[in-house]
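K.L.:
start18.pdb (PDB, C-alpha atoms, pLDDT in the B column) pasted underneath:
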ATOM      1  CA  MET J   1      15.403  10.978 -16.902  1.00 80.00           C
ATOM      2  CA  ILE J   2      16.202  12.794 -13.650  1.00 91.00           C
ATOM      3  CA  LEU J   3      13.711  15.463 -12.604  1.00 91.00           C
ATOM      4  CA  THR J   4      14.884  18.861 -11.507  1.00 96.00           C
ATOM      5  CA  THR J   5      14.092  19.830  -7.926  1.00 96.00           C
ATOM      6  CA  GLN J   6      11.400  22.184  -9.215  1.00 96.00           C
ATOM      7  CA  GLN J   7       9.822  19.460 -11.359  1.00 94.00           C
ATOM      8  CA  ALA J   8       9.828  17.064  -8.412  1.00 95.00           C
ATOM      9  CA  LEU J   9       8.172  19.636  -6.165  1.00 94.00           C
ATOM     10  CA  GLU J  10       5.544  20.268  -8.844  1.00 93.00           C
ATOM     11  CA  VAL J  11       4.652  16.556  -8.785  1.00 93.00           C
ATOM     12  CA  PHE J  12       4.061  16.755  -5.026  1.00 93.00           C
ATOM     13  CA  GLU J  13       2.126  20.000  -5.446  1.00 91.00           C
ATOM     14  CA  ARG J  14      -0.068  18.335  -8.070  1.00 91.00           C
ATOM     15  CA  ARG J  15      -0.736  15.258  -5.943  1.00 94.00           C
ATOM     16  CA  VAL J  16      -3.891  15.713  -3.871  1.00 94.00           C
ATOM     17  CA  SER J  17      -6.379  13.248  -2.441  1.00 94.00           C
ATOM     18  CA  VAL J  18      -9.136  12.953  -5.036  1.00 95.00           C
ATOM     19  CA  ARG J  19     -12.581  11.937  -3.780  1.00 93.00           C
ATOM     20  CA  LYS J  20     -14.511  12.365  -7.032  1.00 95.00           C
ATOM     21  CA  TYR J  21     -13.255  11.037 -10.346  1.00 97.00           C
ATOM     22  CA  ASP J  22     -14.351  11.767 -13.888  1.00 96.00           C
ATOM     23  CA  PRO J  23     -16.237   8.587 -14.928  1.00 95.00           C
ATOM     24  CA  THR J  24     -15.662   9.388 -18.621  1.00 96.00           C
ATOM     25  CA  LYS J  25     -11.872   9.220 -18.311  1.00 97.00           C
ATOM     26  CA  LYS J  26     -10.214   5.901 -17.543  1.00 97.00           C
ATOM     27  CA  VAL J  27      -6.619   5.192 -16.629  1.00 98.00           C
ATOM     28  CA  SER J  28      -5.058   3.016 -19.308  1.00 98.00           C
ATOM     29  CA  GLU J  29      -4.031  -0.554 -18.571  1.00 98.00           C
ATOM     30  CA  GLN J  30      -0.448   0.379 -19.411  1.00 98.00           C
ATOM     31  CA  ASP J  31      -0.387   3.273 -16.944  1.00 98.00           C
ATOM     32  CA  PHE J  32      -1.930   1.157 -14.211  1.00 98.00           C
ATOM     33  CA  ALA J  33       0.566  -1.634 -14.852  1.00 98.00           C
ATOM     34  CA  THR J  34       3.265   0.987 -14.300  1.00 98.00           C
ATOM     35  CA  ILE J  35       1.641   2.023 -11.002  1.00 98.00           C
ATOM     36  CA  LEU J  36       1.662  -1.602  -9.868  1.00 98.00           C
ATOM     37  CA  GLU J  37       5.358  -1.719 -10.772  1.00 98.00           C
ATOM     38  CA  PHE J  38       5.923   1.256  -8.472  1.00 98.00           C
ATOM     39  CA  ALA J  39       4.437  -0.880  -5.706  1.00 98.00           C
ATOM     40  CA  ARG J  40       6.383  -4.005  -6.599  1.00 98.00           C
ATOM     41  CA  ARG J  41       9.686  -2.135  -6.648  1.00 97.00           C
ATOM     42  CA  SER J  42       9.104  -0.472  -3.286  1.00 98.00           C
ATOM     43  CA  PRO J  43      11.508  -1.046  -0.393  1.00 97.00           C
ATOM     44  CA  SER J  44      10.473  -2.880   2.770  1.00 96.00           C
ATOM     45  CA  SER J  45      12.022  -3.798   6.099  1.00 94.00           C
ATOM     46  CA  VAL J  46      14.744  -6.447   5.632  1.00 91.00           C
ATOM     47  CA  GLY J  47      13.490  -6.904   2.071  1.00 91.00           C
ATOM     48  CA  SER J  48      10.458  -8.814   3.312  1.00 93.00           C
ATOM     49  CA  GLU J  49       7.822  -7.462   0.885  1.00 96.00           C
ATOM     50  CA  PRO J  50       4.989  -8.500   3.248  1.00 97.00           C
ATOM     51  CA  TRP J  51       2.191  -7.374   0.941  1.00 98.00           C
ATOM     52  CA  LYS J  52      -0.299  -8.287  -1.728  1.00 98.00           C
ATOM     53  CA  PHE J  53      -2.359  -5.994  -3.956  1.00 98.00           C
ATOM     54  CA  LEU J  54      -5.982  -6.883  -4.608  1.00 98.00           C
ATOM     55  CA  VAL J  55      -7.425  -4.937  -7.558  1.00 98.00           C
ATOM     56  CA  ILE J  56     -11.215  -4.584  -7.221  1.00 98.00           C
ATOM     57  CA  GLN J  57     -12.756  -4.090 -10.682  1.00 97.00           C
ATOM     58  CA  ASN J  58     -15.899  -6.238 -10.650  1.00 97.00           C
ATOM     59  CA  PRO J  59     -18.903  -3.827 -10.451  1.00 96.00           C
ATOM     60  CA  GLU J  60     -20.938  -6.265  -8.366  1.00 97.00           C
ATOM     61  CA  LEU J  61     -18.114  -6.681  -5.873  1.00 98.00           C
ATOM     62  CA  ARG J  62     -17.641  -2.920  -5.677  1.00 97.00           C
ATOM     63  CA  ALA J  63     -21.363  -2.525  -4.994  1.00 97.00           C
ATOM     64  CA  LYS J  64     -21.161  -5.124  -2.248  1.00 97.00           C
ATOM     65  CA  ILE J  65     -18.248  -3.335  -0.555  1.00 98.00           C
ATOM     66  CA  LYS J  66     -19.606   0.200  -1.022  1.00 97.00           C
ATOM     67  CA  PRO J  67     -21.970   0.315   2.009  1.00 97.00           C
ATOM     68  CA  PHE J  68     -19.017  -0.412   4.286  1.00 98.00           C
ATOM     69  CA  ALA J  69     -16.474   1.869   2.601  1.00 97.00           C
ATOM     70  CA  TRP J  70     -17.629   5.338   3.582  1.00 96.00           C
ATOM     71  CA  GLY J  71     -14.295   6.880   2.575  1.00 95.00           C
ATOM     72  CA  MET J  72     -14.710   6.004  -1.093  1.00 94.00           C
ATOM     73  CA  GLN J  73     -18.401   6.190  -1.873  1.00 93.00           C
ATOM     74  CA  SER J  74     -17.878   8.067  -5.145  1.00 92.00           C
ATOM     75  CA  GLY J  75     -14.687   6.169  -5.892  1.00 91.00           C
ATOM     76  CA  MET J  76     -16.517   2.866  -5.828  1.00 94.00           C
ATOM     77  CA  ASP J  77     -18.534   4.024  -8.824  1.00 95.00           C
ATOM     78  CA  ASP J  78     -16.090   6.228 -10.727  1.00 97.00           C
ATOM     79  CA  ALA J  79     -12.485   5.232  -9.926  1.00 97.00           C
ATOM     80  CA  SER J  80     -10.677   3.523 -12.770  1.00 98.00           C
ATOM     81  CA  TYR J  81      -8.974   1.190 -10.305  1.00 98.00           C
ATOM     82  CA  ILE J  82      -9.438   0.332  -6.642  1.00 98.00           C
ATOM     83  CA  VAL J  83      -6.657  -1.493  -4.821  1.00 98.00           C
ATOM     84  CA  MET J  84      -6.977  -3.186  -1.448  1.00 98.00           C
ATOM     85  CA  ILE J  85      -3.481  -3.562  -0.006  1.00 98.00           C
ATOM     86  CA  LEU J  86      -3.063  -6.636   2.171  1.00 98.00           C
ATOM     87  CA  ALA J  87      -0.406  -7.159   4.842  1.00 98.00           C
ATOM     88  CA  LYS J  88       1.140 -10.498   5.800  1.00 98.00           C
ATOM     89  CA  LYS J  89       0.162 -11.986   9.131  1.00 98.00           C
ATOM     90  CA  ASN J  90       2.542 -13.752  11.516  1.00 95.00           C
ATOM     91  CA  ALA J  91       5.661 -12.852   9.539  1.00 95.00           C
ATOM     92  CA  ARG J  92       8.043 -14.195  12.189  1.00 95.00           C
ATOM     93  CA  TYR J  93      11.748 -14.493  11.546  1.00 93.00           C
ATOM     94  CA  ASP J  94      11.499 -18.319  11.730  1.00 94.00           C
ATOM     95  CA  SER J  95       8.402 -18.656   9.508  1.00 95.00           C
ATOM     96  CA  GLU J  96       8.104 -20.205   6.075  1.00 95.00           C
ATOM     97  CA  PHE J  97       7.470 -16.670   4.830  1.00 94.00           C
ATOM     98  CA  PHE J  98      10.957 -15.561   5.816  1.00 91.00           C
ATOM     99  CA  ALA J  99      12.447 -18.757   4.424  1.00 92.00           C
ATOM    100  CA  ASP J 100      10.884 -17.798   1.107  1.00 92.00           C
ATOM    101  CA  VAL J 101      12.343 -14.280   1.446  1.00 91.00           C
ATOM    102  CA  MET J 102      15.829 -15.758   1.749  1.00 91.00           C
ATOM    103  CA  ASP J 103      15.201 -18.164  -1.138  1.00 92.00           C
ATOM    104  CA  ARG J 104      14.053 -15.306  -3.350  1.00 90.00           C
ATOM    105  CA  ARG J 105      17.154 -13.335  -2.509  1.00 88.00           C
ATOM    106  CA  GLY J 106      19.348 -16.304  -3.394  1.00 90.00           C
ATOM    107  CA  PHE J 107      21.055 -16.653  -0.021  1.00 91.00           C
ATOM    108  CA  THR J 108      23.680 -19.343   0.434  1.00 93.00           C
ATOM    109  CA  ALA J 109      23.507 -21.619   3.488  1.00 90.00           C
ATOM    110  CA  GLU J 110      25.991 -19.367   5.289  1.00 93.00           C
ATOM    111  CA  GLN J 111      24.083 -16.226   4.355  1.00 92.00           C
ATOM    112  CA  ARG J 112      20.821 -17.813   5.513  1.00 91.00           C
ATOM    113  CA  GLU J 113      22.322 -18.614   8.916  1.00 93.00           C
ATOM    114  CA  LYS J 114      23.570 -15.063   9.385  1.00 93.00           C
ATOM    115  CA  ALA J 115      20.340 -13.533   8.097  1.00 91.00           C
ATOM    116  CA  LEU J 116      18.193 -15.707  10.354  1.00 92.00           C
ATOM    117  CA  ALA J 117      20.236 -14.624  13.371  1.00 94.00           C
ATOM    118  CA  LYS J 118      19.843 -10.987  12.329  1.00 93.00           C
ATOM    119  CA  TYR J 119      16.083 -11.331  11.763  1.00 94.00           C
ATOM    120  CA  LYS J 120      15.687 -13.081  15.125  1.00 95.00           C
ATOM    121  CA  SER J 121      17.588 -10.345  16.957  1.00 96.00           C
ATOM    122  CA  PHE J 122      15.549  -7.691  15.148  1.00 95.00           C
ATOM    123  CA  GLN J 123      12.193  -9.227  16.091  1.00 96.00           C
ATOM    124  CA  THR J 124      13.055 -10.319  19.634  1.00 96.00           C
ATOM    125  CA  VAL J 125      15.467  -7.616  20.868  1.00 97.00           C
ATOM    126  CA  ASP J 126      15.553  -4.483  18.687  1.00 96.00           C
ATOM    127  CA  MET J 127      11.820  -4.393  17.974  1.00 95.00           C
ATOM    128  CA  PRO J 128      10.316  -7.123  20.161  1.00 96.00           C
ATOM    129  CA  ILE J 129       7.332  -8.232  18.103  1.00 97.00           C
ATOM    130  CA  ALA J 130       7.962 -11.926  17.396  1.00 95.00           C
ATOM    131  CA  ASP J 131       5.559 -13.278  20.011  1.00 95.00           C
ATOM    132  CA  ASP J 132       2.708 -10.842  19.432  1.00 97.00           C
ATOM    133  CA  GLU J 133       0.467 -11.394  16.388  1.00 97.00           C
ATOM    134  CA  CYS J 134      -0.908  -7.849  16.548  1.00 97.00           C
ATOM    135  CA  LYS J 135       2.558  -6.299  16.618  1.00 97.00           C
ATOM    136  CA  LEU J 136       3.720  -8.506  13.748  1.00 97.00           C
ATOM    137  CA  PHE J 137       0.744  -7.436  11.650  1.00 98.00           C
ATOM    138  CA  ASP J 138       1.304  -3.785  12.569  1.00 98.00           C
ATOM    139  CA  TRP J 139       4.938  -4.082  11.429  1.00 97.00           C
ATOM    140  CA  ALA J 140       3.868  -5.643   8.117  1.00 98.00           C
ATOM    141  CA  SER J 141       1.178  -2.991   7.634  1.00 98.00           C
ATOM    142  CA  LYS J 142       3.770  -0.244   8.057  1.00 98.00           C
ATOM    143  CA  GLN J 143       5.618  -1.678   5.081  1.00 98.00           C
ATOM    144  CA  THR J 144       2.482  -1.522   2.916  1.00 98.00           C
ATOM    145  CA  TYR J 145       2.337   2.238   3.452  1.00 98.00           C
ATOM    146  CA  ILE J 146       5.731   2.578   1.766  1.00 98.00           C
ATOM    147  CA  ALA J 147       4.283   0.898  -1.330  1.00 98.00           C
ATOM    148  CA  LEU J 148       1.115   2.980  -0.992  1.00 98.00           C
ATOM    149  CA  ALA J 149       3.074   6.238  -1.022  1.00 98.00           C
ATOM    150  CA  ASN J 150       5.186   5.146  -3.969  1.00 98.00           C
ATOM    151  CA  MET J 151       2.084   4.202  -5.952  1.00 98.00           C
ATOM    152  CA  MET J 152       0.445   7.576  -5.344  1.00 98.00           C
ATOM    153  CA  THR J 153       3.551   9.663  -5.992  1.00 97.00           C
ATOM    154  CA  GLY J 154       4.451   7.600  -9.046  1.00 97.00           C
ATOM    155  CA  ALA J 155       0.887   7.949 -10.316  1.00 98.00           C
ATOM    156  CA  ALA J 156       1.126  11.728  -9.952  1.00 97.00           C
ATOM    157  CA  MET J 157       4.319  11.682 -12.018  1.00 97.00           C
ATOM    158  CA  ILE J 158       2.420  10.166 -14.957  1.00 97.00           C
ATOM    159  CA  GLY J 159      -0.632  12.392 -14.511  1.00 97.00           C
ATOM    160  CA  VAL J 160      -2.888   9.933 -12.672  1.00 98.00           C
ATOM    161  CA  ASP J 161      -4.805  10.977  -9.549  1.00 97.00           C
ATOM    162  CA  SER J 162      -5.289   8.917  -6.421  1.00 98.00           C
ATOM    163  CA  CYS J 163      -6.624   8.830  -2.873  1.00 97.00           C
ATOM    164  CA  PRO J 164      -5.535   6.688   0.096  1.00 98.00           C
ATOM    165  CA  ILE J 165      -8.458   5.148   1.974  1.00 98.00           C
ATOM    166  CA  GLU J 166      -8.742   4.012   5.576  1.00 97.00           C
ATOM    167  CA  GLY J 167     -12.382   5.080   5.842  1.00 97.00           C
ATOM    168  CA  MET J 168     -14.085   1.701   5.851  1.00 98.00           C
ATOM    169  CA  ASN J 169     -15.380  -0.932   8.234  1.00 98.00           C
ATOM    170  CA  TYR J 170     -12.406  -3.262   8.161  1.00 98.00           C
ATOM    171  CA  GLU J 171     -14.265  -6.244   9.598  1.00 98.00           C
ATOM    172  CA  GLN J 172     -17.144  -6.019   7.126  1.00 98.00           C
ATOM    173  CA  VAL J 173     -14.910  -5.456   4.086  1.00 98.00           C
ATOM    174  CA  THR J 174     -12.639  -8.295   5.195  1.00 98.00           C
ATOM    175  CA  ASN J 175     -15.650 -10.605   5.556  1.00 98.00           C
ATOM    176  CA  ILE J 176     -16.735  -9.797   1.988  1.00 98.00           C
ATOM    177  CA  LEU J 177     -13.270 -10.491   0.599  1.00 98.00           C
ATOM    178  CA  VAL J 178     -13.153 -13.771   2.509  1.00 98.00           C
ATOM    179  CA  GLU J 179     -16.607 -14.789   1.241  1.00 98.00           C
ATOM    180  CA  GLU J 180     -15.462 -14.032  -2.321  1.00 97.00           C
ATOM    181  CA  GLY J 181     -12.417 -16.263  -1.856  1.00 97.00           C
ATOM    182  CA  LEU J 182     -10.072 -13.316  -2.345  1.00 98.00           C
ATOM    183  CA  LEU J 183      -8.524 -13.281   1.116  1.00 97.00           C
ATOM    184  CA  ASP J 184      -7.311 -15.970   3.519  1.00 97.00           C
ATOM    185  CA  PRO J 185      -7.679 -14.254   6.917  1.00 97.00           C
ATOM    186  CA  GLU J 186      -5.143 -16.597   8.469  1.00 96.00           C
ATOM    187  CA  ASP J 187      -2.503 -15.502   5.994  1.00 97.00           C
ATOM    188  CA  TYR J 188      -3.138 -11.842   5.164  1.00 98.00           C
ATOM    189  CA  GLY J 189      -5.142  -8.944   6.566  1.00 98.00           C
ATOM    190  CA  LEU J 190      -6.550  -5.746   5.078  1.00 98.00           C
ATOM    191  CA  SER J 191      -4.145  -2.844   5.649  1.00 98.00           C
ATOM    192  CA  VAL J 192      -5.310   0.095   3.516  1.00 98.00           C
ATOM    193  CA  ALA J 193      -6.952   0.876   0.177  1.00 98.00           C
ATOM    194  CA  VAL J 194      -6.221   3.323  -2.627  1.00 98.00           C
ATOM    195  CA  THR J 195      -8.204   4.559  -5.610  1.00 98.00           C
ATOM    196  CA  PHE J 196      -6.919   5.772  -8.982  1.00 98.00           C
ATOM    197  CA  GLY J 197      -8.497   7.816 -11.759  1.00 98.00           C
ATOM    198  CA  TYR J 198      -8.707  11.362 -13.092  1.00 98.00           C
ATOM    199  CA  ARG J 199     -10.148  14.175 -10.979  1.00 97.00           C
ATOM    200  CA  SER J 200     -13.550  15.505 -12.027  1.00 94.00           C
ATOM    201  CA  ALA J 201     -12.560  19.083 -11.142  1.00 91.00           C
ATOM    202  CA  GLU J 202      -9.452  20.976 -10.141  1.00 91.00           C
ATOM    203  CA  ILE J 203      -8.582  20.809  -6.461  1.00 89.00           C
ATOM    204  CA  ALA J 204      -6.605  23.446  -4.609  1.00 85.00           C
ATOM    205  CA  PRO J 205      -3.586  21.997  -2.768  1.00 80.00           C
ATOM    206  CA  LYS J 206      -4.052  21.880   1.003  1.00 83.00           C
ATOM    207  CA  GLU J 207      -1.952  24.063   3.255  1.00 88.00           C
ATOM    208  CA  ARG J 208       0.840  22.244   5.072  1.00 92.00           C
ATOM    209  CA  LYS J 209       2.679  23.108   8.274  1.00 94.00           C
ATOM    210  CA  ALA J 210       5.745  25.304   7.880  1.00 95.00           C
ATOM    211  CA  ILE J 211       9.009  23.379   7.555  1.00 95.00           C
ATOM    212  CA  GLU J 212      10.363  24.952  10.761  1.00 95.00           C
ATOM    213  CA  ASP J 213       7.357  23.577  12.663  1.00 95.00           C
ATOM    214  CA  ILE J 214       8.054  19.958  11.752  1.00 96.00           C
ATOM    215  CA  VAL J 215      11.847  19.664  11.357  1.00 97.00           C
ATOM    216  CA  THR J 216      14.333  19.699  14.218  1.00 97.00           C
ATOM    217  CA  TRP J 217      18.072  19.702  13.546  1.00 97.00           C
ATOM    218  CA  ALA J 218      20.305  18.107  16.150  1.00 96.00           C
TER     219      ALA J 218
END
Before we go any further, please render this structure as structure tokens.

P.N.:
Amino acid sequence: MILTTQQALEVFERRVSVRKYDPTKKVSEQDFATILEFARRSPSSVGSEPWKFLVIQNPELRAKIKPFAWGMQSGMDDASYIVMILAKKNARYDSEFFADVMDRRGFTAEQREKALAKYKSFQTVDMPIADDECKLFDWASKQTYIALANMMTGAAMIGVDSCPIEGMNYEQVTNILVEEGLLDPEDYGLSVAVTFGYRSAEIAPKERKAIEDIVTWA
């Protein structure tokens, strides 16, 4: 089904960042599986998909993270689902990670050679990041925000509320995930989090800048 422009705008009008969820209403497993599909089907630079999605449901683990996640204090208790989105580290054009990308996409030997040359040029000339671990991680993290946005917008389309979260002590939360065996810090890093549930009260949409203040035609 294709939405009308008015229906699509209503979805965006409905989507707000929800800080407090109704603990008596839980998002169904089927709806959340759909939200994860929105993430999985998201686009990414050169089809790299440099992400993983860590769903935090264990109450004890949530309680352990809560003191260091000031942006989701209520969400830790009441959100139906909490997702920590991880970004790939050291995703260089010549890494095993990119070899797996080409394998997954079914490249022939000739296609692999051309793709590798393109990826190398991209990471060394167009966007010179190949020799800087911080820049590589920043590039991968940017891709996770595409999936993040798709999850939240898609959730709004099926009536589920959400809130993106950067308000946390990244070092402390990372340490907890490492201690729990949920994160290999050499392989992936914490990029952003997002909570899902149903709002406990209606929230007025926030005012946005006028379109003429943010769009320039050239």

K.L.:
Measuring atom to atom with all atoms listed in the file, identify which of J:Gln111, J:Ile176, J:Ala91, J:Phe98 is nearest to Leu136 (chain J).

P.N.:
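The answer is J:Ala91, which sits nearest to Leu136 (chain J).
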
K.L.:
Any chance you could resolve the PyMOL selection byres ((chain J and resi 202-215) around 12) against this file and give the residues as a list in words?

P.N.:
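After applying the PyMOL selection byres ((chain J and resi 202-215) around 12), what remains is Glu10, Val11, Phe12, Glu13, Arg14, Arg15, Val16, Ser17, Val18, Arg19, Lys20, Tyr21, Asp22, Asp161, Tyr198, Arg199, Ser200, Ala201, Thr216, Trp217 and Ala218 of chain J.
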
K.L.:
Please, what distance in Å, to one decimal, runs between CA of Asp103 (chain J) and CA of Val55 (chain J)?

P.N.:
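Interatomic distance, CA of Asp103 (chain J) to CA of Val55 (chain J): 27.0 Å.
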
K.L.:
Considering only C-alpha atoms, state which residue in the set J:Glu180, J:Gly197, J:Phe97, J:Gln143 is at the smallest distance from Gly75 (chain J).

P.N.:
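The answer is J:Gly197, which sits nearest to Gly75 (chain J).
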
K.L.:
Please provide the set of residues having any atom within 8 Å of Tyr93 (chain J), restricted to all atoms listed in the file, with same-chain residues fewer than 5 positions apart removed, written as an mmCIF file with C-alpha atoms, in the coordinates of the input.

P.N.:
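result37.cif, freshly written:
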data_model
loop_
_atom_site.group_PDB
_atom_site.id
_atom_site.type_symbol
_atom_site.label_atom_id
_atom_site.label_comp_id
_atom_site.auth_asym_id
_atom_site.auth_seq_id
_atom_site.Cartn_x
_atom_site.Cartn_y
_atom_site.Cartn_z
ATOM 1 C CA PHE J 98 10.957 -15.561 5.816
ATOM 2 C CA LEU J 116 18.193 -15.707 10.354
ATOM 3 C CA TYR J 119 16.083 -11.331 11.763
ATOM 4 C CA LYS J 120 15.687 -13.081 15.125
ATOM 5 C CA GLN J 123 12.193 -9.227 16.091
ATOM 6 C CA ALA J 130 7.962 -11.926 17.396
#

K.L.:
Check which residues satisfy the PyMOL selection byres ((chain J and resi 23) around 8) in the file shown, then give them as a PyMOL selection string.

P.N.:
chain J and resi 21-22+24-26+77-80+200

K.L.:
Edge lengths and centre, in Å to one decimal, as JSON: that's what I need for the box along x, y and z that holds all listed atoms of region 76-93 of chain J plus 4 Å on each side.

P.N.:
{"center_x": -3.4, "center_y": -4.1, "center_z": -0.3, "size_x": 38.3, "size_y": 28.7, "size_z": 33.0}

K.L.:
In Å, rounded to a single decimal, give me how far CA of Ala115 (chain J) is from CA of Val101 (chain J).

P.N.:
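Between these atoms lies a distance of 10.4 Å.
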
K.L.:
Which value, in Å to one decimal, gives the distance between CA of Trp51 (chain J) and CA of Ile129 (chain J)?

P.N.:
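Between CA of Trp51 (chain J) and CA of Ile129 (chain J) the gap works out to 17.9 Å.
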
K.L.:
Could you tell me which residues the PyMOL selection byres ((chain J and resi 151) around 8) returns for this structure, as a list in words?

P.N.:
Ile35, Leu36, Phe38, Ala39, Ala147, Leu148, Ala149, Asn150, Met152, Thr153, Gly154 and Ala155 of chain J

K.L.:
Select, from J:Gln73, J:Ala63, J:Val173, J:Asp187, the residue with the minimum atom-to-atom distance to Ser95 (chain J), counting all atoms listed in the file.

P.N.:
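Nearest candidate to Ser95 (chain J) out of J:Gln73, J:Ala63, J:Val173, J:Asp187: J:Asp187.
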
K.L.:
For a quick check of understanding, using only C-alpha atoms, which of J:Asp126, J:Asp132, J:Asp138, J:Glu179 has the smallest distance to Pro50 (chain J)?

P.N.:
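The answer is J:Asp138, which sits nearest to Pro50 (chain J).
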
K.L.:
Which residue is closest to Glu113 (chain J)? Choose from J:Leu54, J:Ile82, J:Val160, J:Ala99 and count all atoms listed in the file.

P.N.:
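Ranked by minimum distance to Glu113 (chain J), first place goes to J:Ala99.
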
K.L.:
So which one's closest to Asp100 (chain J), J:Pro59, J:Pro185, J:Gly47, J:Pro67? Using only C-alpha atoms, please.

P.N.:
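Checking each of J:Pro59, J:Pro185, J:Gly47, J:Pro67 against Asp100 (chain J), counting only C-alpha atoms, the winner is J:Gly47.
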
K.L.:
Could you name the residues that touch Glu49 (chain J) at 9 Å or less, counting all atoms listed in the file, but leaving out those on the same chain fewer than 6 positions away, as a ChimeraX atom specification?

P.N.:
/J:40,42-43,88,101,140,143-144

K.L.:
Kindly export the residues of the current selection with C-alpha atoms, as a PDB file, in the coordinates of the input.

P.N.:
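Written output follows (result27.pdb):
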ATOM      1  CA  ARG J  40       6.383  -4.005  -6.599  1.00 98.00           C
ATOM      2  CA  SER J  42       9.104  -0.472  -3.286  1.00 98.00           C
ATOM      3  CA  PRO J  43      11.508  -1.046  -0.393  1.00 97.00           C
ATOM      4  CA  LYS J  88       1.140 -10.498   5.800  1.00 98.00           C
ATOM      5  CA  VAL J 101      12.343 -14.280   1.446  1.00 91.00           C
ATOM      6  CA  ALA J 140       3.868  -5.643   8.117  1.00 98.00           C
ATOM      7  CA  GLN J 143       5.618  -1.678   5.081  1.00 98.00           C
ATOM      8  CA  THR J 144       2.482  -1.522   2.916  1.00 98.00           C
TER       9      THR J 144
END

K.L.:
Would you mind exporting region 188-200 of chain J with C-alpha atoms, as a compact mmCIF listing (two decimals), in the first residue's frame?

P.N.:
# COMPACT_ATOMS: atom_id res chain seq x y z
CA TYR J 188 32.27 -2.97 17.35
CA GLY J 189 31.57 0.20 19.31
CA LEU J 190 28.44 1.74 20.81
CA SER J 191 26.92 4.28 18.40
CA VAL J 192 23.45 5.19 19.69
CA ALA J 193 20.45 3.69 21.48
CA VAL J 194 16.71 3.76 20.90
CA THR J 195 13.71 2.85 23.02
CA PHE J 196 10.29 1.59 21.90
CA GLY J 197 6.92 1.42 23.62
CA TYR J 198 3.63 3.29 23.92
CA ARG J 199 3.51 6.84 25.28
CA SER J 200 1.98 7.27 28.74
